[in-house]
>>> print(open('run-v2.cif').read())   # mmCIF, C-alpha atoms
data_entry
loop_
_atom_site.label_atom_id
_atom_site.label_comp_id
_atom_site.auth_asym_id
_atom_site.auth_seq_id
_atom_site.Cartn_x
_atom_site.Cartn_y
_atom_site.Cartn_z
CA MET A 1 16.74 -105.80 222.31
CA ALA A 2 13.18 -105.96 223.56
CA GLU A 3 10.50 -106.68 220.96
CA ILE A 4 7.97 -103.90 220.51
CA LYS A 5 4.48 -105.23 220.30
CA THR A 6 1.52 -103.36 218.76
CA VAL A 7 -1.37 -103.23 221.12
CA GLU A 8 -4.69 -103.45 219.33
CA ARG A 9 -7.68 -101.61 220.68
CA PRO A 10 -10.73 -103.50 219.46
CA VAL A 11 -13.11 -101.53 221.65
CA GLU A 12 -12.06 -98.15 220.23
CA ASN A 13 -12.17 -99.49 216.66
CA ALA A 14 -15.65 -100.86 217.22
CA GLU A 15 -16.77 -97.46 218.55
CA VAL A 16 -15.41 -95.69 215.44
CA LEU A 17 -17.20 -98.13 213.15
CA GLU A 18 -20.41 -97.75 215.12
CA ARG A 19 -20.27 -93.95 214.88
CA ALA A 20 -19.63 -94.17 211.13
CA ARG A 21 -22.55 -96.55 210.72
CA ASN A 22 -24.85 -94.28 212.70
CA PHE A 23 -23.75 -91.24 210.68
CA TRP A 24 -24.49 -93.03 207.41
CA GLU A 25 -27.90 -94.20 208.64
CA ARG A 26 -28.82 -90.64 209.62
CA ASN A 27 -27.44 -88.88 206.54
CA SER A 28 -27.41 -91.43 203.73
CA LYS A 29 -30.41 -89.94 201.92
CA ILE A 30 -28.95 -86.42 202.01
CA ILE A 31 -25.60 -87.67 200.71
CA ILE A 32 -27.17 -89.72 197.91
CA TYR A 33 -29.53 -86.91 196.81
CA SER A 34 -26.71 -84.35 196.91
CA ALA A 35 -24.49 -86.58 194.76
CA LEU A 36 -27.34 -87.20 192.30
CA GLY A 37 -28.10 -83.47 192.14
CA PHE A 38 -24.46 -82.69 191.41
CA LEU A 39 -24.32 -85.32 188.65
CA LEU A 40 -27.54 -84.00 187.12
CA LEU A 41 -26.16 -80.45 187.22
CA ILE A 42 -22.96 -81.49 185.45
CA GLY A 43 -24.91 -83.59 182.97
CA GLY A 44 -27.28 -80.74 182.23
CA TYR A 45 -24.42 -78.31 181.70
CA LEU A 46 -22.63 -80.68 179.30
CA ALA A 47 -25.88 -81.32 177.43
CA TYR A 48 -26.50 -77.57 177.14
CA ARG A 49 -22.98 -77.02 175.81
CA GLY A 50 -23.30 -79.80 173.27
CA LEU A 51 -26.91 -79.50 172.16
CA VAL A 52 -27.65 -75.79 172.56
CA GLN A 53 -24.61 -73.55 172.97
CA GLY A 54 -22.43 -75.35 170.41
CA PRO A 55 -24.92 -75.11 167.52
CA LYS A 56 -25.78 -71.55 168.57
CA GLU A 57 -22.12 -70.54 168.35
CA THR A 58 -21.90 -72.08 164.87
CA LYS A 59 -25.03 -70.29 163.59
CA ALA A 60 -23.84 -66.99 165.06
CA ALA A 61 -20.44 -67.29 163.38
CA GLU A 62 -22.12 -68.06 160.05
CA ALA A 63 -24.42 -65.06 160.43
CA MET A 64 -21.43 -62.78 161.06
CA TYR A 65 -19.79 -63.58 157.72
CA LYS A 66 -22.04 -61.43 155.51
CA ALA A 67 -22.30 -58.59 158.04
CA GLU A 68 -18.51 -58.40 158.31
CA ASN A 69 -18.23 -58.25 154.52
CA TYR A 70 -20.63 -55.32 154.43
CA TYR A 71 -18.62 -53.61 157.16
CA ARG A 72 -15.34 -54.04 155.26
CA THR A 73 -16.86 -52.47 152.15
CA ASP A 74 -18.24 -49.52 154.16
CA SER A 75 -21.85 -50.58 153.64
CA LEU A 76 -22.54 -49.67 157.23
CA ASN A 77 -26.35 -49.65 157.13
CA LEU A 78 -26.38 -53.15 155.66
CA ALA A 79 -23.75 -54.26 158.17
CA LEU A 80 -25.88 -53.01 161.05
CA ASN A 81 -29.36 -53.92 159.85
CA GLY A 82 -28.85 -56.74 157.36
CA ASP A 83 -30.08 -57.06 153.79
CA GLY A 84 -33.32 -58.94 154.33
CA ALA A 85 -31.78 -62.33 153.65
CA ASN A 86 -28.84 -61.97 156.02
CA PRO A 87 -28.92 -60.47 159.52
CA GLY A 88 -26.86 -57.46 160.49
CA PHE A 89 -24.90 -56.92 163.66
CA LEU A 90 -27.91 -55.66 165.60
CA LYS A 91 -29.97 -58.79 164.96
CA ILE A 92 -26.98 -61.01 165.66
CA ILE A 93 -26.63 -59.29 169.04
CA SER A 94 -30.30 -59.85 169.88
CA GLN A 95 -30.51 -63.42 168.57
CA TYR A 96 -27.12 -64.74 169.61
CA GLY A 97 -26.40 -62.98 172.86
CA GLY A 98 -23.90 -64.88 174.96
CA THR A 99 -21.98 -66.23 171.97
CA LYS A 100 -18.53 -65.12 170.85
CA ALA A 101 -19.98 -63.80 167.59
CA GLY A 102 -22.71 -61.93 169.45
CA ASN A 103 -20.07 -60.28 171.61
CA LEU A 104 -17.91 -59.37 168.60
CA ALA A 105 -20.97 -57.87 166.91
CA HIS A 106 -20.99 -55.22 169.68
CA PHE A 107 -17.49 -54.17 168.61
CA TYR A 108 -18.46 -53.90 164.96
CA ALA A 109 -21.74 -52.13 165.73
CA GLY A 110 -19.98 -49.61 167.95
CA SER A 111 -17.38 -48.90 165.28
CA ALA A 112 -20.06 -48.57 162.58
CA TYR A 113 -22.16 -46.16 164.64
CA LEU A 114 -19.06 -44.10 165.39
CA GLN A 115 -18.37 -43.77 161.66
CA GLN A 116 -21.99 -42.73 161.14
CA GLY A 117 -21.68 -40.02 163.77
CA ASP A 118 -23.96 -41.63 166.37
CA ALA A 119 -21.60 -41.49 169.34
CA ALA A 120 -24.23 -42.42 171.95
CA LYS A 121 -25.07 -45.73 170.26
CA ALA A 122 -21.38 -46.35 169.60
CA GLN A 123 -20.66 -45.87 173.30
CA LYS A 124 -23.39 -48.31 174.30
CA HIS A 125 -22.12 -51.14 172.09
CA LEU A 126 -18.43 -50.61 172.74
CA ALA A 127 -19.02 -50.53 176.49
CA ASP A 128 -20.82 -53.89 176.20
CA PHE A 129 -17.91 -55.45 174.34
CA GLU A 130 -15.17 -57.42 176.08
CA THR A 131 -12.57 -59.81 174.72
CA GLU A 132 -9.48 -61.70 175.84
CA SER A 133 -7.71 -60.55 172.67
CA LYS A 134 -5.60 -57.70 174.03
CA GLN A 135 -5.03 -56.10 170.65
CA ILE A 136 -8.75 -55.91 169.84
CA GLN A 137 -9.66 -54.84 173.38
CA ALA A 138 -7.13 -52.01 173.21
CA ARG A 139 -8.72 -50.87 169.94
CA ALA A 140 -12.15 -51.02 171.56
CA TYR A 141 -10.96 -48.78 174.41
CA LYS A 142 -9.64 -46.27 171.85
CA LEU A 143 -12.93 -46.25 169.94
CA LEU A 144 -14.85 -45.92 173.19
CA GLY A 145 -12.66 -42.93 173.99
CA ASP A 146 -13.63 -41.42 170.64
CA ALA A 147 -17.32 -42.00 171.39
CA TYR A 148 -17.04 -40.26 174.76
CA ALA A 149 -15.03 -37.39 173.24
CA GLU A 150 -17.71 -36.80 170.58
CA GLN A 151 -20.23 -36.36 173.39
CA GLY A 152 -18.03 -34.00 175.37
CA LYS A 153 -17.43 -36.55 178.11
CA ASN A 154 -13.78 -35.60 178.34
CA GLY A 155 -12.86 -37.42 181.54
CA ASP A 156 -14.21 -40.73 180.25
CA ALA A 157 -12.58 -40.18 176.87
CA PHE A 158 -9.20 -39.47 178.43
CA ASN A 159 -9.37 -42.51 180.71
CA ASN A 160 -10.18 -44.82 177.80
CA TYR A 161 -7.35 -43.43 175.67
CA LYS A 162 -4.97 -44.22 178.53
CA LYS A 163 -6.47 -47.70 178.97
CA ALA A 164 -5.98 -48.32 175.25
CA ALA A 165 -2.37 -47.20 175.43
CA HIS A 166 -1.49 -49.42 178.36
CA HIS A 167 -3.55 -52.52 177.58
CA PHE A 168 -1.28 -54.18 175.03
CA GLU A 169 2.07 -52.39 175.04
CA THR A 170 3.74 -55.13 172.97
CA ASP A 171 2.00 -53.64 169.94
CA GLU A 172 4.23 -50.57 169.81
CA THR A 173 2.64 -48.99 166.74
CA ALA A 174 -0.90 -49.04 168.10
CA SER A 175 0.08 -48.31 171.70
CA SER A 176 2.16 -45.30 170.68
CA GLU A 177 -0.81 -44.00 168.67
CA TYR A 178 -3.16 -44.39 171.63
CA LEU A 179 -0.67 -42.83 174.04
CA PHE A 180 -0.22 -39.89 171.68
CA MET A 181 -4.00 -39.51 171.55
CA ALA A 182 -4.17 -39.43 175.35
CA ALA A 183 -1.35 -36.87 175.61
CA TYR A 184 -2.75 -34.67 172.83
CA PHE A 185 -6.24 -34.83 174.35
CA ALA A 186 -4.87 -33.83 177.77
CA ASP A 187 -3.04 -30.89 176.21
CA ARG A 188 -5.48 -29.53 173.64
CA VAL A 189 -8.87 -30.49 175.07
CA MET A 190 -8.50 -30.83 178.82
CA LYS A 191 -5.84 -28.10 179.08
CA ASP A 192 -3.99 -30.24 181.60
CA GLN A 193 -0.35 -29.52 180.81
CA LYS A 194 0.97 -31.62 183.68
CA GLN A 195 -0.78 -34.75 182.39
CA ALA A 196 0.20 -33.90 178.82
CA VAL A 197 3.90 -33.55 179.69
CA SER A 198 3.85 -36.83 181.63
CA LEU A 199 2.24 -38.72 178.76
CA PHE A 200 4.36 -37.19 175.99
CA GLN A 201 7.45 -38.01 178.06
CA GLU A 202 6.23 -41.60 178.50
CA LEU A 203 5.64 -41.79 174.76
CA LYS A 204 9.15 -40.56 174.02
CA ASP A 205 10.75 -42.93 176.53
CA LYS A 206 8.82 -46.07 175.60
CA TYR A 207 8.35 -45.73 171.86
CA SER A 208 11.20 -43.53 170.66
CA LYS A 209 11.52 -45.49 167.39
CA THR A 210 7.88 -45.09 166.35
CA GLU A 211 6.43 -42.21 164.34
CA LYS A 212 4.49 -40.89 167.35
CA GLY A 213 7.55 -41.33 169.54
CA PHE A 214 9.52 -39.00 167.25
CA GLU A 215 6.71 -36.44 167.37
CA ALA A 216 6.59 -36.45 171.16
CA GLU A 217 9.75 -34.36 171.49
CA LYS A 218 8.21 -31.59 169.38
CA TYR A 219 5.13 -31.45 171.60
CA LEU A 220 7.24 -31.51 174.74
CA ALA A 221 9.17 -28.50 173.39
CA GLN A 222 5.88 -26.70 172.79
CA LEU A 223 5.03 -27.37 176.43
CA GLY A 224 8.36 -25.92 177.56
CA VAL A 225 10.18 -29.20 178.17
CA PHE A 226 13.62 -29.39 176.55
CA LYS A 227 15.81 -32.47 177.04
#
>>> encode(input="run-v2.cif", output="structure tokens")
Amino acid sequence: MAEIKTVERPVENAEVLERARNFWERNSKIIIYSALGFLLLIGGYLAYRGLVQGPKETKAAEAMYKAENYYRTDSLNLALNGDGANPGFLKIISQYGGTKAGNLAHFYAGSAYLQQGDAAKAQKHLADFETESKQIQARAYKLLGDAYAEQGKNGDAFNNYKKAAHHFETDETASSEYLFMAAYFADRVMKDQKQAVSLFQELKDKYSKTEKGFEAEKYLAQLGVFK
């Protein structure tokens, strides 16, 4: 069997090395400055997280403690505006914007304003709130629906009730309540029987074992649907 020999090509290899050397000579400064800029960017971000954002998150969480206590005891004015020594939700929002506590303060403020009958301010804060917690976000959609409904913005109210119902369907008790609200609103406020029937039927099919699921059949009968 003939021996296969590897033929080296020193000329081609030399040309490749020469091109690489020329490229580096032409672009070395750009490459070095780009790498340094990237490292400075990463370093600055980590420093910001550690020296600024971290302590800010801690202070915001501490500030929330007293305001939440006021909210739980229905001292809504104190919860919103503080007591002089401790900030309320509104100041927490302005001072600690961009923190988790500052974001959560929007939820509390919106809920507090809704209880006080100021639907416009409630809408503003609830619309600014967003969380990865599906259960809390679903509740926020429901409250936002209430805020729109109080202002006669029926289309927006209805859409948010449906969003609430479908956002975290694992929570059957809450989701059935929100779905009932959407169906009832379609029937009694929007006078849209087609939508109402569809939603009451969905409620009956999905959450038949819940309190609202049991009620759905009665409302379907009122709408002329017997099954």
>>> closest_residue(input="run-v2.cif", among="A:Glu211, A:Asp187, A:Asp146, A:Asp205", to="Thr173 of chain A", atoms="all atoms listed in the file")
A:Glu211
>>> closest_residue(input="run-v2.cif", among="A:Ala61, A:Val225, A:Ala119, A:Ala105", to="Glu150 of chain A", atoms="all atoms listed in the file")
A:Ala119
>>> resolve_selection(input="run-v2.cif", expression="the PyMOL selection byres ((chain A and resi 176) around 7)", output="list in words")
Ala165, Glu172, Thr173, Ala174, Ser175, Glu177, Tyr178, Leu179, Phe180, Leu203, Tyr207, Lys212 and Gly213 of chain A
>>> resolve_selection(input="run-v2.cif", expression="the PyMOL selection byres ((chain A and resi 162) around 10)", output="number ranges by chain")
A: 138, 141-142, 145, 157-161, 163-167, 175, 178-183, 199
>>> write_last_selection(input="run-v2.cif", atoms="C-alpha atoms", output="mmCIF file, in the frame of the given file")
data_model
loop_
_atom_site.group_PDB
_atom_site.id
_atom_site.type_symbol
_atom_site.label_atom_id
_atom_site.label_comp_id
_atom_site.auth_asym_id
_atom_site.auth_seq_id
_atom_site.Cartn_x
_atom_site.Cartn_y
_atom_site.Cartn_z
ATOM 1 C CA ALA A 138 -7.130 -52.010 173.210
ATOM 2 C CA TYR A 141 -10.960 -48.780 174.410
ATOM 3 C CA LYS A 142 -9.640 -46.270 171.850
ATOM 4 C CA GLY A 145 -12.660 -42.930 173.990
ATOM 5 C CA ALA A 157 -12.580 -40.180 176.870
ATOM 6 C CA PHE A 158 -9.200 -39.470 178.430
ATOM 7 C CA ASN A 159 -9.370 -42.510 180.710
ATOM 8 C CA ASN A 160 -10.180 -44.820 177.800
ATOM 9 C CA TYR A 161 -7.350 -43.430 175.670
ATOM 10 C CA LYS A 163 -6.470 -47.700 178.970
ATOM 11 C CA ALA A 164 -5.980 -48.320 175.250
ATOM 12 C CA ALA A 165 -2.370 -47.200 175.430
ATOM 13 C CA HIS A 166 -1.490 -49.420 178.360
ATOM 14 C CA HIS A 167 -3.550 -52.520 177.580
ATOM 15 C CA SER A 175 0.080 -48.310 171.700
ATOM 16 C CA TYR A 178 -3.160 -44.390 171.630
ATOM 17 C CA LEU A 179 -0.670 -42.830 174.040
ATOM 18 C CA PHE A 180 -0.220 -39.890 171.680
ATOM 19 C CA MET A 181 -4.000 -39.510 171.550
ATOM 20 C CA ALA A 182 -4.170 -39.430 175.350
ATOM 21 C CA ALA A 183 -1.350 -36.870 175.610
ATOM 22 C CA LEU A 199 2.240 -38.720 178.760
#
>>> resolve_selection(input="run-v2.cif", expression="the PyMOL selection byres ((chain A and resi 128-136) around 7)", output="MDAnalysis selection string")
chainID A and resid 103:104 106:107 124:127 137:140 167:168
>>> closest_residue(input="run-v2.cif", among="A:Asp156, A:Glu169, A:Gln222, A:Lys209", to="Gln193 of chain A", atoms="all atoms listed in the file")
A:Gln222
>>> atom_distance(input="run-v2.cif", atom1="atom CA of Lys204 of chain A", atom2="atom CA of Leu223 of chain A")
14.0 Å
>>> residues_around(input="run-v2.cif", residues="Gln201 of chain A", least_positions_apart="5", cutoff="8 Å", atoms="all atoms listed in the file", output="ChimeraX atom specification")
/A:216-217,220
>>> write_last_selection(input="run-v2.cif", atoms="C-alpha atoms", output="JSON list (two decimals), in the frame of the given file")
[["chain", "number", "residue", "atom", "x", "y", "z"],
["A", 216, "ALA", "CA", 6.59, -36.45, 171.16],
["A", 217, "GLU", "CA", 9.75, -34.36, 171.49],
["A", 220, "LEU", "CA", 7.24, -31.51, 174.74]]
>>> atom_distance(input="run-v2.cif", atom1="atom CA of Lys194 of chain A", atom2="atom CA of Ser208 of chain A")
20.4 Å
>>> atom_distance(input="run-v2.cif", atom1="atom CA of Ser111 of chain A", atom2="atom CA of Phe200 of chain A")
26.9 Å
>>> residues_near_point(input="run-v2.cif", point="(-29.5, -63.3, 169.7)", cutoff="12 Å", atoms="only C-alpha atoms", output="ChimeraX atom specification")
/A:53,56-57,59-61,63-64,87-103,105-106
>>> decode(input="run-v2.cif", residues="segment 143-188 of chain A", atoms="N, CA and C atoms", output="PDB file, in the first residue's frame")
ATOM      1  N   LEU A 143     -58.237  44.959  39.614  1.00  0.00           N
ATOM      2  CA  LEU A 143     -58.401  46.281  40.207  1.00  0.00           C
ATOM      3  C   LEU A 143     -58.382  47.377  39.144  1.00  0.00           C
ATOM      4  N   LEU A 144     -57.539  47.194  38.139  1.00  0.00           N
ATOM      5  CA  LEU A 144     -57.491  48.160  37.036  1.00  0.00           C
ATOM      6  C   LEU A 144     -58.824  48.155  36.281  1.00  0.00           C
ATOM      7  N   GLY A 145     -59.412  46.965  36.145  1.00  0.00           N
ATOM      8  CA  GLY A 145     -60.747  46.883  35.552  1.00  0.00           C
ATOM      9  C   GLY A 145     -61.759  47.661  36.361  1.00  0.00           C
ATOM     10  N   ASP A 146     -61.677  47.557  37.681  1.00  0.00           N
ATOM     11  CA  ASP A 146     -62.584  48.310  38.556  1.00  0.00           C
ATOM     12  C   ASP A 146     -62.392  49.816  38.361  1.00  0.00           C
ATOM     13  N   ALA A 147     -61.139  50.242  38.270  1.00  0.00           N
ATOM     14  CA  ALA A 147     -60.851  51.669  38.095  1.00  0.00           C
ATOM     15  C   ALA A 147     -61.434  52.192  36.778  1.00  0.00           C
ATOM     16  N   TYR A 148     -61.278  51.425  35.713  1.00  0.00           N
ATOM     17  CA  TYR A 148     -61.859  51.830  34.429  1.00  0.00           C
ATOM     18  C   TYR A 148     -63.389  51.847  34.504  1.00  0.00           C
ATOM     19  N   ALA A 149     -63.967  50.832  35.149  1.00  0.00           N
ATOM     20  CA  ALA A 149     -65.430  50.741  35.246  1.00  0.00           C
ATOM     21  C   ALA A 149     -65.998  51.948  35.988  1.00  0.00           C
ATOM     22  N   GLU A 150     -65.319  52.376  37.050  1.00  0.00           N
ATOM     23  CA  GLU A 150     -65.785  53.528  37.828  1.00  0.00           C
ATOM     24  C   GLU A 150     -65.807  54.801  36.993  1.00  0.00           C
ATOM     25  N   GLN A 151     -64.969  54.821  35.961  1.00  0.00           N
ATOM     26  CA  GLN A 151     -64.900  56.010  35.103  1.00  0.00           C
ATOM     27  C   GLN A 151     -65.759  55.872  33.849  1.00  0.00           C
ATOM     28  N   GLY A 152     -66.475  54.757  33.756  1.00  0.00           N
ATOM     29  CA  GLY A 152     -67.319  54.529  32.586  1.00  0.00           C
ATOM     30  C   GLY A 152     -66.565  54.083  31.350  1.00  0.00           C
ATOM     31  N   LYS A 153     -65.326  53.673  31.536  1.00  0.00           N
ATOM     32  CA  LYS A 153     -64.524  53.179  30.407  1.00  0.00           C
ATOM     33  C   LYS A 153     -64.759  51.668  30.280  1.00  0.00           C
ATOM     34  N   ASN A 154     -65.919  51.333  29.765  1.00  0.00           N
ATOM     35  CA  ASN A 154     -66.394  49.946  29.834  1.00  0.00           C
ATOM     36  C   ASN A 154     -65.545  48.964  29.029  1.00  0.00           C
ATOM     37  N   GLY A 155     -65.093  49.385  27.864  1.00  0.00           N
ATOM     38  CA  GLY A 155     -64.275  48.485  27.046  1.00  0.00           C
ATOM     39  C   GLY A 155     -62.968  48.120  27.735  1.00  0.00           C
ATOM     40  N   ASP A 156     -62.312  49.122  28.320  1.00  0.00           N
ATOM     41  CA  ASP A 156     -61.060  48.876  29.038  1.00  0.00           C
ATOM     42  C   ASP A 156     -61.306  48.036  30.289  1.00  0.00           C
ATOM     43  N   ALA A 157     -62.408  48.306  30.978  1.00  0.00           N
ATOM     44  CA  ALA A 157     -62.743  47.531  32.171  1.00  0.00           C
ATOM     45  C   ALA A 157     -62.950  46.067  31.812  1.00  0.00           C
ATOM     46  N   PHE A 158     -63.725  45.825  30.788  1.00  0.00           N
ATOM     47  CA  PHE A 158     -64.027  44.453  30.357  1.00  0.00           C
ATOM     48  C   PHE A 158     -62.757  43.710  29.954  1.00  0.00           C
ATOM     49  N   ASN A 159     -61.901  44.363  29.201  1.00  0.00           N
ATOM     50  CA  ASN A 159     -60.656  43.719  28.758  1.00  0.00           C
ATOM     51  C   ASN A 159     -59.761  43.350  29.939  1.00  0.00           C
ATOM     52  N   ASN A 160     -59.718  44.200  30.953  1.00  0.00           N
ATOM     53  CA  ASN A 160     -58.877  43.899  32.114  1.00  0.00           C
ATOM     54  C   ASN A 160     -59.476  42.808  32.991  1.00  0.00           C
ATOM     55  N   TYR A 161     -60.788  42.734  33.072  1.00  0.00           N
ATOM     56  CA  TYR A 161     -61.408  41.620  33.799  1.00  0.00           C
ATOM     57  C   TYR A 161     -61.060  40.290  33.115  1.00  0.00           C
ATOM     58  N   LYS A 162     -61.087  40.285  31.788  1.00  0.00           N
ATOM     59  CA  LYS A 162     -60.738  39.057  31.064  1.00  0.00           C
ATOM     60  C   LYS A 162     -59.257  38.723  31.235  1.00  0.00           C
ATOM     61  N   LYS A 163     -58.404  39.736  31.193  1.00  0.00           N
ATOM     62  CA  LYS A 163     -56.967  39.502  31.412  1.00  0.00           C
ATOM     63  C   LYS A 163     -56.731  38.920  32.799  1.00  0.00           C
ATOM     64  N   ALA A 164     -57.432  39.446  33.784  1.00  0.00           N
ATOM     65  CA  ALA A 164     -57.301  38.936  35.151  1.00  0.00           C
ATOM     66  C   ALA A 164     -57.714  37.471  35.213  1.00  0.00           C
ATOM     67  N   ALA A 165     -58.798  37.147  34.555  1.00  0.00           N
ATOM     68  CA  ALA A 165     -59.328  35.785  34.600  1.00  0.00           C
ATOM     69  C   ALA A 165     -58.400  34.768  33.949  1.00  0.00           C
ATOM     70  N   HIS A 166     -57.691  35.196  32.930  1.00  0.00           N
ATOM     71  CA  HIS A 166     -56.879  34.257  32.152  1.00  0.00           C
ATOM     72  C   HIS A 166     -55.388  34.301  32.484  1.00  0.00           C
ATOM     73  N   HIS A 167     -54.991  35.187  33.396  1.00  0.00           N
ATOM     74  CA  HIS A 167     -53.560  35.373  33.638  1.00  0.00           C
ATOM     75  C   HIS A 167     -52.953  34.279  34.510  1.00  0.00           C
ATOM     76  N   PHE A 168     -53.711  33.791  35.471  1.00  0.00           N
ATOM     77  CA  PHE A 168     -53.175  32.771  36.381  1.00  0.00           C
ATOM     78  C   PHE A 168     -54.290  31.789  36.717  1.00  0.00           C
ATOM     79  N   GLU A 169     -54.618  30.939  35.750  1.00  0.00           N
ATOM     80  CA  GLU A 169     -55.783  30.069  35.862  1.00  0.00           C
ATOM     81  C   GLU A 169     -55.602  28.950  36.877  1.00  0.00           C
ATOM     82  N   THR A 170     -54.353  28.744  37.347  1.00  0.00           N
ATOM     83  CA  THR A 170     -54.113  27.732  38.379  1.00  0.00           C
ATOM     84  C   THR A 170     -54.815  28.115  39.681  1.00  0.00           C
ATOM     85  N   ASP A 171     -54.934  29.396  39.940  1.00  0.00           N
ATOM     86  CA  ASP A 171     -55.657  29.881  41.112  1.00  0.00           C
ATOM     87  C   ASP A 171     -57.151  29.888  40.765  1.00  0.00           C
ATOM     88  N   GLU A 172     -57.808  28.765  40.976  1.00  0.00           N
ATOM     89  CA  GLU A 172     -59.185  28.607  40.519  1.00  0.00           C
ATOM     90  C   GLU A 172     -60.158  29.535  41.234  1.00  0.00           C
ATOM     91  N   THR A 173     -59.939  29.774  42.519  1.00  0.00           N
ATOM     92  CA  THR A 173     -60.857  30.636  43.263  1.00  0.00           C
ATOM     93  C   THR A 173     -60.840  32.058  42.719  1.00  0.00           C
ATOM     94  N   ALA A 174     -59.642  32.619  42.585  1.00  0.00           N
ATOM     95  CA  ALA A 174     -59.533  33.992  42.083  1.00  0.00           C
ATOM     96  C   ALA A 174     -59.920  34.076  40.611  1.00  0.00           C
ATOM     97  N   SER A 175     -59.456  33.135  39.811  1.00  0.00           N
ATOM     98  CA  SER A 175     -59.745  33.188  38.372  1.00  0.00           C
ATOM     99  C   SER A 175     -61.234  33.051  38.098  1.00  0.00           C
ATOM    100  N   SER A 176     -61.919  32.208  38.865  1.00  0.00           N
ATOM    101  CA  SER A 176     -63.360  32.064  38.669  1.00  0.00           C
ATOM    102  C   SER A 176     -64.088  33.355  39.057  1.00  0.00           C
ATOM    103  N   GLU A 177     -63.575  34.032  40.092  1.00  0.00           N
ATOM    104  CA  GLU A 177     -64.167  35.316  40.493  1.00  0.00           C
ATOM    105  C   GLU A 177     -63.989  36.359  39.395  1.00  0.00           C
ATOM    106  N   TYR A 178     -62.789  36.413  38.814  1.00  0.00           N
ATOM    107  CA  TYR A 178     -62.523  37.404  37.768  1.00  0.00           C
ATOM    108  C   TYR A 178     -63.324  37.085  36.498  1.00  0.00           C
ATOM    109  N   LEU A 179     -63.434  35.804  36.186  1.00  0.00           N
ATOM    110  CA  LEU A 179     -64.186  35.409  34.993  1.00  0.00           C
ATOM    111  C   LEU A 179     -65.672  35.721  35.176  1.00  0.00           C
ATOM    112  N   PHE A 180     -66.174  35.493  36.384  1.00  0.00           N
ATOM    113  CA  PHE A 180     -67.559  35.857  36.682  1.00  0.00           C
ATOM    114  C   PHE A 180     -67.757  37.355  36.515  1.00  0.00           C
ATOM    115  N   MET A 181     -66.795  38.141  37.012  1.00  0.00           N
ATOM    116  CA  MET A 181     -66.885  39.594  36.885  1.00  0.00           C
ATOM    117  C   MET A 181     -66.952  40.010  35.417  1.00  0.00           C
ATOM    118  N   ALA A 182     -66.119  39.379  34.580  1.00  0.00           N
ATOM    119  CA  ALA A 182     -66.117  39.707  33.153  1.00  0.00           C
ATOM    120  C   ALA A 182     -67.456  39.348  32.510  1.00  0.00           C
ATOM    121  N   ALA A 183     -67.975  38.169  32.840  1.00  0.00           N
ATOM    122  CA  ALA A 183     -69.247  37.720  32.267  1.00  0.00           C
ATOM    123  C   ALA A 183     -70.404  38.603  32.727  1.00  0.00           C
ATOM    124  N   TYR A 184     -70.436  38.885  34.016  1.00  0.00           N
ATOM    125  CA  TYR A 184     -71.501  39.735  34.582  1.00  0.00           C
ATOM    126  C   TYR A 184     -71.445  41.135  33.987  1.00  0.00           C
ATOM    127  N   PHE A 185     -70.243  41.667  33.837  1.00  0.00           N
ATOM    128  CA  PHE A 185     -70.059  43.005  33.271  1.00  0.00           C
ATOM    129  C   PHE A 185     -70.538  43.039  31.817  1.00  0.00           C
ATOM    130  N   ALA A 186     -70.222  41.980  31.065  1.00  0.00           N
ATOM    131  CA  ALA A 186     -70.668  41.912  29.673  1.00  0.00           C
ATOM    132  C   ALA A 186     -72.192  41.893  29.594  1.00  0.00           C
ATOM    133  N   ASP A 187     -72.807  41.168  30.523  1.00  0.00           N
ATOM    134  CA  ASP A 187     -74.260  41.019  30.518  1.00  0.00           C
ATOM    135  C   ASP A 187     -74.969  42.278  31.003  1.00  0.00           C
ATOM    136  N   ARG A 188     -74.608  42.743  32.195  1.00  0.00           N
ATOM    137  CA  ARG A 188     -75.387  43.789  32.849  1.00  0.00           C
ATOM    138  C   ARG A 188     -74.965  45.204  32.462  1.00  0.00           C
TER     139      ARG A 188
END
